[in-house]
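J.: You'll find data07.cif just under this line, and it carries mmCIF, C-alpha atoms and all ligand atoms.
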```cif
data_data
#
loop_
_atom_site.label_atom_id
_atom_site.label_comp_id
_atom_site.auth_asym_id
_atom_site.auth_seq_id
_atom_site.Cartn_x
_atom_site.Cartn_y
_atom_site.Cartn_z
CA MET A 1387 127.60 63.03 98.19
CA ILE A 1388 127.01 66.80 98.01
CA ILE A 1389 123.88 67.98 96.20
CA CYS A 1390 123.20 71.66 95.47
CA VAL A 1391 119.57 72.69 95.05
CA ILE A 1392 119.06 76.10 93.41
CA GLY A 1393 115.77 77.73 94.40
CA GLY A 1394 113.97 77.49 97.74
CA GLY A 1395 110.42 77.51 96.41
CA ALA A 1396 107.92 74.65 96.37
CA SER A 1397 109.85 72.27 94.12
CA GLY A 1398 113.28 73.14 95.55
CA MET A 1399 112.21 72.51 99.16
CA ALA A 1400 110.62 69.20 98.12
CA ALA A 1401 113.79 68.24 96.22
CA ALA A 1402 116.08 69.16 99.13
CA LEU A 1403 114.02 67.08 101.58
CA ALA A 1404 113.97 64.08 99.25
CA ALA A 1405 117.72 64.30 98.55
CA SER A 1406 118.47 64.53 102.27
CA GLU A 1407 116.59 61.31 103.08
CA ASN A 1408 119.90 59.50 102.72
CA PRO A 1409 121.81 60.77 105.81
CA ASP A 1410 125.11 60.34 103.95
CA ASN A 1411 124.11 63.12 101.54
CA GLN A 1412 124.89 66.76 102.23
CA VAL A 1413 122.33 69.12 100.69
CA VAL A 1414 122.98 72.84 100.12
CA LEU A 1415 119.82 74.79 99.29
CA PHE A 1416 120.35 78.22 97.67
CA GLU A 1417 117.60 80.83 97.72
CA ARG A 1418 117.92 84.28 96.16
CA GLN A 1419 115.36 85.89 98.49
CA ALA A 1420 115.73 86.40 102.24
CA ARG A 1421 113.20 83.66 103.04
CA LEU A 1422 112.26 80.30 101.58
CA GLY A 1423 108.85 79.76 99.97
CA ARG A 1424 107.88 83.39 99.48
CA LYS A 1425 105.63 82.66 96.49
CA LEU A 1426 104.09 79.70 98.29
CA GLN A 1427 102.80 82.05 100.97
CA ALA A 1428 100.87 84.04 98.36
CA THR A 1429 99.30 81.03 96.66
CA GLY A 1430 95.57 80.36 96.61
CA ASN A 1431 94.83 83.91 97.81
CA GLY A 1432 96.83 83.22 100.96
CA ARG A 1433 95.17 79.80 101.47
CA CYS A 1434 97.51 77.67 99.26
CA ASN A 1435 95.63 75.26 97.05
CA LEU A 1436 98.37 72.65 97.39
CA THR A 1437 96.92 69.92 95.17
CA ASN A 1438 93.73 68.48 93.71
CA VAL A 1439 92.29 65.02 94.33
CA ASN A 1440 90.77 65.02 90.82
CA MET A 1441 94.00 64.32 88.98
CA SER A 1442 94.20 63.65 85.25
CA SER A 1443 96.68 64.26 82.45
CA SER A 1444 94.22 66.67 80.81
CA HIS A 1445 95.10 69.25 83.46
CA TYR A 1446 98.71 69.54 82.25
CA HIS A 1447 100.16 71.33 79.22
CA GLY A 1448 103.48 71.80 77.42
CA ASP A 1449 105.04 70.73 74.13
CA ASN A 1450 105.26 67.17 75.48
CA PRO A 1451 102.26 66.79 77.83
CA GLU A 1452 103.14 63.14 78.55
CA PHE A 1453 106.42 64.14 80.20
CA SER A 1454 104.73 65.36 83.38
CA GLN A 1455 102.71 62.16 83.85
CA ILE A 1456 105.69 60.04 84.89
CA PRO A 1457 106.78 62.12 87.92
CA LEU A 1458 103.12 62.81 88.75
CA SER A 1459 102.51 59.04 88.96
CA ALA A 1460 105.81 58.32 90.72
CA PHE A 1461 104.89 60.77 93.50
CA SER A 1462 101.10 60.85 93.30
CA VAL A 1463 98.51 63.06 95.02
CA THR A 1464 97.95 60.39 97.70
CA GLU A 1465 101.67 60.10 98.37
CA THR A 1466 101.92 63.91 98.47
CA LEU A 1467 99.14 64.16 101.04
CA ASN A 1468 100.69 61.40 103.15
CA TRP A 1469 104.07 63.14 102.89
CA PHE A 1470 102.59 66.44 104.06
CA ARG A 1471 100.76 64.61 106.87
CA ARG A 1472 104.11 63.16 108.03
CA LEU A 1473 105.53 66.71 107.93
CA GLY A 1474 102.70 67.73 110.29
CA LEU A 1475 100.26 69.39 107.89
CA PHE A 1476 96.52 68.71 108.25
CA THR A 1477 94.64 69.24 104.98
CA VAL A 1478 91.07 69.34 103.75
CA ALA A 1479 89.66 68.65 100.27
CA GLU A 1480 86.82 70.85 99.06
CA PRO A 1481 83.96 69.31 97.03
CA SER A 1482 85.68 70.66 93.88
CA GLY A 1483 88.70 68.44 94.69
CA ARG A 1484 90.95 71.37 95.62
CA VAL A 1485 93.04 70.63 98.71
CA TYR A 1486 93.94 73.34 101.24
CA PRO A 1487 95.69 73.30 104.61
CA TYR A 1488 93.11 72.74 107.35
CA SER A 1489 94.30 76.02 108.93
CA ASP A 1490 93.32 77.81 105.67
CA GLN A 1491 96.71 79.53 105.84
CA ALA A 1492 99.33 79.18 103.13
CA ASN A 1493 101.93 79.89 105.81
CA SER A 1494 101.19 76.48 107.32
CA VAL A 1495 102.51 74.79 104.17
CA SER A 1496 105.73 76.81 104.00
CA ASP A 1497 106.17 76.47 107.78
CA VAL A 1498 106.04 72.65 107.85
CA LEU A 1499 108.48 72.55 104.94
CA ARG A 1500 110.86 74.97 106.64
CA PHE A 1501 110.70 72.99 109.92
CA ALA A 1502 111.42 69.75 108.03
CA LEU A 1503 114.42 71.36 106.31
CA ASP A 1504 116.00 71.89 109.71
CA ARG A 1505 118.09 68.73 109.36
CA PRO A 1506 121.79 68.32 110.10
CA ASN A 1507 122.52 67.33 106.51
CA ILE A 1508 120.78 70.38 104.93
CA ARG A 1509 122.48 73.78 104.75
CA LEU A 1510 120.33 76.77 103.79
CA VAL A 1511 121.98 79.65 101.97
CA THR A 1512 119.41 82.43 101.63
CA GLY A 1513 119.89 85.88 100.06
CA THR A 1514 122.21 84.36 97.45
CA GLU A 1515 121.41 84.31 93.77
CA VAL A 1516 123.25 81.59 91.88
CA THR A 1517 124.49 83.18 88.66
CA ARG A 1518 126.39 80.27 87.14
CA ILE A 1519 126.77 76.52 87.49
CA HIS A 1520 130.39 75.65 86.73
CA ARG A 1521 131.09 72.19 85.35
CA ARG A 1522 134.10 70.42 86.82
CA GLU A 1523 135.71 67.22 85.64
CA GLU A 1524 133.95 65.46 88.54
CA GLY A 1525 130.69 67.29 89.11
CA PHE A 1526 129.98 71.00 89.52
CA CYS A 1527 130.78 74.12 91.48
CA VAL A 1528 127.92 76.34 92.66
CA GLU A 1529 128.78 79.60 94.46
CA GLY A 1530 132.03 78.10 95.72
CA VAL A 1531 130.44 74.78 96.76
CA ASP A 1532 131.86 71.72 94.99
CA CYS A 1533 129.15 69.12 94.46
CA GLN A 1534 128.39 65.97 92.53
CA ARG A 1535 124.79 66.81 91.66
CA VAL A 1536 122.85 70.03 90.99
CA ILE A 1537 119.07 70.45 90.98
CA VAL A 1538 117.74 73.59 89.28
CA ALA A 1539 114.43 74.53 90.94
CA CYS A 1540 114.37 78.24 90.11
CA GLY A 1541 110.71 78.45 89.04
CA GLY A 1542 109.44 80.38 86.03
CA LEU A 1543 108.99 83.97 85.00
CA ALA A 1544 105.41 84.36 86.26
CA GLY A 1545 104.68 86.29 89.44
CA THR A 1546 107.74 88.51 89.09
CA LYS A 1547 107.14 90.40 92.35
CA LEU A 1548 107.10 87.09 94.25
CA GLY A 1549 110.37 85.83 92.80
CA GLY A 1550 109.59 84.88 89.21
CA SER A 1551 112.62 85.51 87.01
CA MET A 1552 114.62 84.38 83.98
CA SER A 1553 117.35 83.06 86.26
CA GLY A 1554 116.65 79.32 85.97
CA TYR A 1555 116.29 79.48 82.20
CA ARG A 1556 119.65 81.28 81.98
CA LEU A 1557 121.44 78.77 84.23
CA LEU A 1558 120.17 75.85 82.15
CA ARG A 1559 120.75 77.59 78.81
CA ASN A 1560 124.38 78.15 79.78
CA LEU A 1561 124.68 74.38 80.11
CA GLY A 1562 123.27 73.76 76.62
CA HIS A 1563 119.53 73.46 77.29
CA HIS A 1564 116.85 75.18 75.23
CA VAL A 1565 113.81 77.26 76.19
CA THR A 1566 110.44 77.30 74.39
CA LYS A 1567 108.46 80.53 74.01
CA LEU A 1568 107.40 81.81 77.45
CA ARG A 1569 103.81 83.07 77.85
CA PRO A 1570 101.74 84.08 80.88
CA ALA A 1571 99.11 81.52 81.91
CA LEU A 1572 96.46 81.65 84.66
CA VAL A 1573 96.31 85.37 84.14
CA GLN A 1574 93.75 88.20 84.09
CA LEU A 1575 92.54 89.59 80.76
CA LYS A 1576 92.28 93.24 79.72
CA ALA A 1577 89.05 94.16 77.99
CA ALA A 1578 88.13 97.19 75.92
CA TRP A 1579 84.63 97.56 77.38
CA SER A 1580 83.58 100.47 79.61
CA GLY A 1581 81.18 98.20 81.55
CA CYS A 1582 84.18 96.55 83.30
CA ALA A 1583 85.11 99.66 85.28
CA ALA A 1584 81.44 100.19 86.25
CA LEU A 1585 81.31 96.58 87.48
CA LYS A 1586 84.66 96.67 89.34
CA GLY A 1587 84.52 94.19 92.24
CA VAL A 1588 81.36 92.37 91.06
CA ARG A 1589 81.65 88.57 91.17
CA CYS A 1590 79.26 86.22 89.40
CA ASN A 1591 78.92 82.70 88.10
CA CYS A 1592 79.45 82.65 84.37
CA HIS A 1593 80.08 80.42 81.37
CA VAL A 1594 82.98 82.02 79.50
CA GLN A 1595 84.15 81.36 75.95
CA ILE A 1596 87.28 82.90 74.46
CA LEU A 1597 87.10 83.32 70.68
CA HIS A 1598 90.01 84.02 68.36
CA ASP A 1599 88.88 85.39 65.00
CA GLY A 1600 85.48 83.86 65.69
CA ILE A 1601 86.87 80.39 66.49
CA LEU A 1602 86.48 78.88 69.96
CA HIS A 1603 89.87 78.98 71.76
CA SER A 1604 88.83 77.88 75.28
CA GLN A 1605 85.79 77.76 77.55
CA SER A 1606 84.85 77.12 81.16
CA THR A 1607 82.20 77.83 83.79
CA GLY A 1608 82.93 79.32 87.19
CA GLU A 1609 83.42 82.51 89.15
CA LEU A 1610 84.17 85.64 87.16
CA GLN A 1611 85.31 88.89 88.73
CA PHE A 1612 85.17 92.29 87.02
CA THR A 1613 88.10 94.62 87.57
CA GLU A 1614 88.96 98.19 86.56
CA TYR A 1615 90.87 96.90 83.51
CA GLY A 1616 88.84 93.86 82.54
CA LEU A 1617 88.24 90.30 83.73
CA SER A 1618 89.63 88.15 86.52
CA GLY A 1619 88.56 85.26 88.75
CA PRO A 1620 89.06 81.48 88.56
CA VAL A 1621 87.06 81.04 85.34
CA ILE A 1622 89.24 83.62 83.56
CA PHE A 1623 92.42 81.94 84.80
CA GLU A 1624 91.11 78.69 83.36
CA VAL A 1625 90.51 80.11 79.87
CA SER A 1626 93.52 82.47 79.73
CA ARG A 1627 96.21 80.04 78.58
CA ASP A 1628 97.58 81.39 75.27
CA ALA A 1629 94.75 83.95 75.01
CA CYS A 1630 95.56 87.29 73.33
CA GLN A 1631 98.79 85.88 71.84
CA GLY A 1632 99.66 86.92 68.29
CA SER A 1633 97.52 88.89 65.88
CA GLY A 1634 93.79 88.60 65.21
CA GLU A 1635 90.66 89.49 67.12
CA TRP A 1636 90.17 88.13 70.63
CA VAL A 1637 86.70 88.21 72.17
CA CYS A 1638 85.26 87.06 75.49
CA ARG A 1639 81.70 85.73 75.26
CA MET A 1640 79.83 85.44 78.56
CA ASN A 1641 76.62 83.67 79.59
CA PHE A 1642 75.62 85.01 83.01
CA LEU A 1643 72.81 82.47 83.48
CA PRO A 1644 74.39 79.20 82.32
CA SER A 1645 72.05 76.99 84.34
CA PHE A 1646 68.82 78.56 83.03
CA THR A 1647 67.35 78.32 79.54
CA ALA A 1648 66.59 81.34 77.38
CA SER A 1649 62.85 80.67 77.68
CA GLU A 1650 63.02 80.52 81.49
CA LEU A 1651 64.54 84.03 81.53
CA GLU A 1652 62.19 85.27 78.82
CA GLU A 1653 59.12 84.02 80.73
CA GLU A 1654 60.31 85.78 83.89
CA LEU A 1655 60.90 89.06 82.02
CA TYR A 1656 57.42 88.88 80.44
CA ARG A 1657 55.97 88.31 83.93
CA ARG A 1658 57.87 91.32 85.26
CA ARG A 1659 56.57 93.51 82.42
CA GLU A 1660 53.13 93.18 84.01
CA THR A 1661 54.41 94.77 87.25
CA ALA A 1662 55.17 98.36 88.29
CA LEU A 1663 58.96 97.76 88.36
CA SER A 1664 61.45 100.28 87.00
CA THR A 1665 63.79 99.17 84.19
CA ASP A 1666 66.62 99.64 86.74
CA ASP A 1667 65.27 96.56 88.53
CA LEU A 1668 64.46 94.42 85.53
CA LEU A 1669 67.10 91.83 86.52
CA THR A 1670 66.96 92.38 90.30
CA GLY A 1671 66.75 89.07 92.14
CA ILE A 1672 68.32 87.29 89.16
CA LEU A 1673 71.80 88.83 88.91
CA HIS A 1674 73.98 91.10 91.04
CA ASN A 1675 72.13 94.46 91.01
CA ARG A 1676 75.01 96.37 89.40
CA LEU A 1677 75.50 93.70 86.75
CA GLY A 1678 71.75 93.70 86.04
CA ARG A 1679 71.73 97.46 85.42
CA VAL A 1680 74.84 97.42 83.19
CA LEU A 1681 73.46 94.54 81.09
CA THR A 1682 70.05 96.21 80.78
CA LYS A 1683 71.78 99.35 79.51
CA ALA A 1684 73.95 97.27 77.15
CA ALA A 1685 70.72 95.83 75.69
CA GLY A 1686 69.69 99.39 74.80
CA ILE A 1687 67.05 99.71 77.55
CA PRO A 1688 67.29 103.09 79.33
CA GLY A 1689 67.09 103.16 83.14
CA GLY A 1690 64.38 104.88 85.17
CA GLN A 1691 61.46 103.85 82.94
CA SER A 1692 58.47 101.68 83.66
CA VAL A 1693 59.03 98.08 82.52
CA SER A 1694 55.43 98.01 81.23
CA SER A 1695 56.51 100.24 78.32
CA LEU A 1696 59.06 97.70 76.99
CA ALA A 1697 58.53 96.04 73.62
CA ASP A 1698 58.98 92.27 73.07
CA THR A 1699 62.07 93.01 70.96
CA GLN A 1700 63.69 94.84 73.90
CA LEU A 1701 63.10 91.88 76.21
CA THR A 1702 64.49 89.50 73.59
CA ALA A 1703 67.56 91.76 73.23
CA LEU A 1704 68.11 91.64 77.00
CA VAL A 1705 67.87 87.84 77.06
CA GLY A 1706 70.49 87.82 74.28
CA ILE A 1707 72.85 90.08 76.23
CA VAL A 1708 72.50 88.12 79.49
CA ARG A 1709 73.21 84.84 77.70
CA CYS A 1710 75.73 86.03 75.15
CA LEU A 1711 77.57 89.25 75.95
CA GLU A 1712 80.66 89.64 73.75
CA ILE A 1713 83.44 92.04 74.67
CA PRO A 1714 86.75 92.62 72.87
CA LEU A 1715 89.97 91.63 74.65
CA SER A 1716 93.20 93.58 74.19
CA GLU A 1717 95.89 91.64 76.08
CA THR A 1718 96.65 89.69 79.24
CA LEU A 1719 97.86 91.42 82.38
CA GLY A 1720 101.31 89.93 81.67
CA MET A 1721 103.94 87.92 83.51
CA ASP A 1722 103.91 90.12 86.62
CA SER A 1723 100.34 89.08 87.37
CA ALA A 1724 100.35 85.57 85.91
CA GLN A 1725 100.27 82.62 88.31
CA VAL A 1726 102.27 80.34 86.07
CA THR A 1727 104.52 80.37 83.00
CA ALA A 1728 103.44 78.44 79.91
CA GLY A 1729 106.58 77.19 78.17
CA GLY A 1730 110.00 76.65 79.66
CA ILE A 1731 113.03 74.38 79.34
CA VAL A 1732 112.46 71.74 76.64
CA THR A 1733 111.35 68.60 78.48
CA ASP A 1734 112.69 66.20 75.83
CA GLU A 1735 116.14 67.19 77.13
CA PHE A 1736 115.31 65.56 80.53
CA ASP A 1737 114.54 61.99 81.57
CA PRO A 1738 111.04 62.02 83.15
CA GLN A 1739 111.88 58.90 85.22
CA THR A 1740 114.67 60.70 87.08
CA MET A 1741 114.42 64.41 86.09
CA GLU A 1742 118.09 64.20 85.07
CA SER A 1743 119.37 66.14 82.07
CA ARG A 1744 120.04 64.06 78.98
CA LEU A 1745 122.73 66.60 78.03
CA VAL A 1746 124.61 67.05 81.32
CA PRO A 1747 124.85 64.01 83.63
CA GLY A 1748 124.38 64.95 87.27
CA LEU A 1749 122.21 67.98 86.43
CA TYR A 1750 118.51 67.83 87.38
CA ALA A 1751 115.57 70.24 87.04
CA CYS A 1752 112.09 70.38 88.52
CA GLY A 1753 109.06 72.64 88.86
CA GLU A 1754 107.95 75.54 86.73
CA VAL A 1755 111.32 76.14 85.03
CA LEU A 1756 110.46 73.17 82.79
CA ASP A 1757 107.94 73.37 79.95
CA VAL A 1758 105.04 72.04 82.06
CA ASP A 1759 102.11 74.09 83.30
CA GLY A 1760 98.90 73.01 84.95
CA ASP A 1761 95.34 74.24 85.16
CA CYS A 1762 94.02 76.36 87.99
CA GLY A 1763 93.12 74.23 91.03
CA GLY A 1764 96.32 73.03 92.71
CA TYR A 1765 97.81 71.35 89.64
CA ASN A 1766 100.91 73.57 89.46
CA LEU A 1767 101.92 72.95 93.05
CA GLN A 1768 101.33 69.21 92.57
CA TRP A 1769 103.76 69.38 89.65
CA ALA A 1770 106.25 71.19 91.91
CA TRP A 1771 105.93 68.51 94.67
CA SER A 1772 106.05 65.52 92.29
CA SER A 1773 108.88 66.73 90.08
CA GLY A 1774 110.80 68.07 93.11
CA VAL A 1775 110.61 64.82 95.09
CA CYS A 1776 111.45 62.81 91.97
CA ALA A 1777 114.51 64.97 91.19
CA GLY A 1778 115.65 64.92 94.84
CA ARG A 1779 115.29 61.15 95.21
CA HIS A 1780 117.23 60.38 92.04
CA ALA A 1781 119.87 63.07 92.56
CA GLY A 1782 120.30 61.67 96.07
CA LYS A 1783 120.99 58.14 94.84
CA GLU A 1784 124.56 56.91 95.12
CA MET A 1785 126.56 56.97 91.90
CA LEU A 1786 127.39 53.49 90.62
C1 LIG B 1801 99.90 84.66 93.13
C2 LIG B 1801 100.08 83.20 92.82
C3 LIG B 1801 99.18 82.28 93.32
C4 LIG B 1801 99.31 80.93 93.02
N1 LIG B 1801 98.43 80.04 93.57
C5 LIG B 1801 98.58 78.71 93.31
C6 LIG B 1801 97.73 77.75 93.94
O1 LIG B 1801 96.91 78.07 94.81
N2 LIG B 1801 97.89 76.44 93.60
C7 LIG B 1801 98.83 76.02 92.68
O2 LIG B 1801 98.93 74.83 92.41
N3 LIG B 1801 99.69 76.91 92.13
C8 LIG B 1801 99.60 78.23 92.43
N4 LIG B 1801 100.48 79.11 91.87
C9 LIG B 1801 101.59 78.58 91.03
C10 LIG B 1801 102.68 77.98 91.93
O3 LIG B 1801 102.94 78.85 93.01
C11 LIG B 1801 103.96 77.74 91.14
O4 LIG B 1801 103.69 76.99 89.99
C12 LIG B 1801 105.00 77.01 92.01
O5 LIG B 1801 105.32 77.79 93.11
C13 LIG B 1801 106.24 76.69 91.20
O6 LIG B 1801 107.18 76.11 92.08
P1 LIG B 1801 108.73 76.22 91.76
O7 LIG B 1801 109.45 75.63 92.90
O8 LIG B 1801 109.00 75.70 90.40
O9 LIG B 1801 109.01 77.79 91.68
P2 LIG B 1801 108.89 78.89 92.82
O10 LIG B 1801 107.91 78.48 93.84
O11 LIG B 1801 108.70 80.17 92.08
O12 LIG B 1801 110.32 78.87 93.51
C14 LIG B 1801 111.50 79.24 92.83
C15 LIG B 1801 112.44 79.82 93.85
O13 LIG B 1801 113.74 79.92 93.30
C16 LIG B 1801 114.33 81.14 93.70
N5 LIG B 1801 115.37 81.43 92.70
C17 LIG B 1801 115.18 81.70 91.39
N6 LIG B 1801 116.36 81.83 90.78
C18 LIG B 1801 117.32 81.64 91.72
C19 LIG B 1801 118.73 81.65 91.68
N7 LIG B 1801 119.41 81.86 90.55
N8 LIG B 1801 119.42 81.44 92.84
C20 LIG B 1801 118.74 81.20 94.01
N9 LIG B 1801 117.41 81.18 94.08
C21 LIG B 1801 116.70 81.38 92.95
C22 LIG B 1801 113.15 82.11 93.70
O14 LIG B 1801 113.41 83.24 94.51
C23 LIG B 1801 112.05 81.24 94.26
O15 LIG B 1801 111.95 81.29 95.66
C24 LIG B 1801 100.38 80.47 92.18
C25 LIG B 1801 101.30 81.40 91.68
C26 LIG B 1801 101.16 82.75 92.00
C27 LIG B 1801 102.17 83.72 91.47
#
```
Represent the structure from my file as structure tokens, please.
Ligand SMILES: Cc1cc2nc3c(=O)[nH]c(=O)nc-3n(C[C@H](O)[C@H](O)[C@H](O)COP(=O)(O)OP(=O)(O)OC[C@H]3O[C@@H](n4cnc5c(N)ncnc54)[C@H](O)[C@@H]3O)c2cc1C
T.:
Amino acid sequence: MIICVIGGGASGMAAALAASENPDNQVVLFERQARLGRKLQATGNGRCNLTNVNMSSSHYHGDNPEFSQIPLSAFSVTETLNWFRRLGLFTVAEPSGRVYPYSDQANSVSDVLRFALDRPNIRLVTGTEVTRIHRREEGFCVEGVDCQRVIVACGGLAGTKLGGSMSGYRLLRNLGHHVTKLRPALVQLKAAWSGCAALKGVRCNCHVQILHDGILHSQSTGELQFTEYGLSGPVIFEVSRDACQGSGEWVCRMNFLPSFTASELEEELYRRRETALSTDDLLTGILHNRLGRVLTKAAGIPGGQSVSSLADTQLTALVGIVRCLEIPLSETLGMDSAQVTAGGIVTDEFDPQTMESRLVPGLYACGEVLDVDGDCGGYNLQWAWSSGVCAGRHAGKEML
């Protein structure tokens, strides 16, 4: 049987390997870019967070969140790690549960996949964008290749510079499938607060809440990074899903000392007031120096004064700012910068047991092109591996 896989990213490579397990199958893997796995090499800041040992359904989203659980159980985290080990990849799990290649290089992941794809029954066609899947009476024709099965593994729209595009949605729409609204997820947020530019590059631990018209939209604790335009870092990725969508007021509320109580900070500030410190150093030793100065200023305390001159109300105001700074958000940084697409091809149109289309027999889809997105922490790549292997295995099964 001939199986065409469209897209040589994470899910497409997994699907091609799984479909080629039966030596009687011929697999043709099409990739638009010159090399396979380009996005994979940029994942996890060049380290590739390939999965997470703390797996639960709560980490996945989409109009039908249950859909993803079937492939994720059929090809679980343990099976994924064993599979990578057989491909020659050593991995290590961090205390947070995030799994990385032992080499700490994302290239290692794409390399072992590329080496494994060097099989006699897999043909790689790189630098070729598939623009249409033609239906034949018996199967399909993809870029002149007649085949019985097609797997669409074109990824989503996120990360445009690394290969994200509308291509997969178009291919599937042409065959009758539907697409939900596409939004950037795991994305940086733009803030209308001058302090961000002054704090550019500062990283800190923070409890973040996103509020929409005063109502809590999402929250998390973790590393925040200030940028020229606003907010980034893992904690922002975690709270960014569907943030700044539609009308209304979006606000980011930050607590820079989530593991200390208000009275602990207050006591320390009262103690410092008895010293000869300058107001510039009021938070020195507690927070990043630059962050301390910006927050002190935001509390209305001028720099360069003696702390002994501060009134109780000024110290209380500073405690309030450190524990509850609110800044207005304007928008996300958009699809170009997003790590994943929220939304995608309607999953009810696919069978989660096999990843086969319910509309077009012999057509399969996997990975980000479908309406499934995961949290930050390796969950999106796990979806790519699980759905890819599942699609490949079933597409590779002999027709009855
Ligand atoms: C900067 C960045 C960092 C990330 N870090 C992580 C991380 O550490 N952990 C994690 O779990 N997730 C991470 N992600 C998300 C993760 O990379 C994706 O969810 C995952 O790669 C999706 O796999 P996929 O196979 O569906 O799509 P992709 O990996 O995007 O692969 C799709 C491939 O199909 C090709 N293609 C598209 N259309 C066609 C066509 N018509 N013809 C031929 N080829 C086509 C594309 O060029 C591309 O190579 C990150 C994403 C980005 C952008």
J.: So, with only C-alpha atoms and all ligand atoms as the atoms that count, which of A:Val1495, A:Ala1428, A:Val1746, A:Ala1479 lies closest to ligand LIG 1801 (chain B)?
T.: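 Among A:Val1495, A:Ala1428, A:Val1746, A:Ala1479, it is A:Ala1428 that comes nearest to ligand LIG 1801 (chain B).
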J.: Mind giving me the straight-line distance from atom CA of Leu1568 of chain A to atom CA of Lys1425 of chain A in Å, one decimal?
T.: 19.1 Å
J.: Here is a test: counting all atoms listed in the file, which residue of A:Asp1666, A:Asp1698, A:Glu1624, A:Glu1660 is nearest to Ser1606 of chain A?
T.: A:Glu1624
J.: Using only C-alpha atoms, which residues sit within 7 Å of Ala1685 of chain A once same-chain residues fewer than 6 positions away are excluded, as number ranges by chain?
T.: A: 1703-1704, 1707
J.: Which residues are close to Met1640 of chain A, i.e. within 7 Å by all atoms listed in the file, leaving aside same-chain residues fewer than 2 positions away? Reply as a list in words.
T.: Cys1592, His1593, Val1594, Gln1595, Cys1638, Phe1642, Arg1709, Cys1710, Leu1711 and Glu1712 of chain A
J.: Using only C-alpha atoms and all ligand atoms for the distances, tell me which of A:Lys1586, A:Arg1518, A:Arg1658, A:Arg1639 is nearest to ligand LIG 1801 (chain B).
T.: A:Arg1518
J.: Find the spatial neighbours of Phe1416 of chain A, counting all atoms listed in the file, within a cut-off of 8 Å - ignore same-chain residues fewer than 5 positions away - and output them as a ChimeraX atom specification.
T.: /A:1390-1394,1510-1512,1514-1516
J.: Set the distance at 9 Å and use all atoms listed in the file: which residues neighbour Leu1668 of chain A once local chain neighbours fewer than 3 positions away are removed? I'd like the list as a list in words.
T.: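 In the requested form, the answer reads Leu1655, Arg1658, Arg1659, Leu1663, Ser1664, Thr1665, Gly1671, Ile1672, Gly1678, Arg1679, Thr1682 and Val1693 of chain A.
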J.: Taking all atoms of ligand LIG 1801 (chain B) that appear in the file, build a box with edges along x, y and z, extend it by 3 Å on every side, and state its centre and edge lengths in Å to one decimal, as JSON.
T.:
```
{"center_x": 108.2, "center_y": 79.7, "center_z": 92.8, "size_x": 28.5, "size_y": 15.8, "size_z": 11.7}
```
J.: For ligand LIG 1801 (chain B), which residue out of A:Leu1557, A:Leu1643, A:Leu1597, A:Leu1610 is the nearest one, using only C-alpha atoms and all ligand atoms?
T.: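 When distances to ligand LIG 1801 (chain B) are compared using only C-alpha atoms and all ligand atoms, the smallest one comes from A:Leu1557.
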J.: Excluding same-chain residues fewer than 4 positions from Ala1777 of chain A, what lies within 7 Å of it counting only C-alpha atoms, as a ChimeraX atom specification?
T.: /A:1401,1740-1741,1750-1752,1773,1781
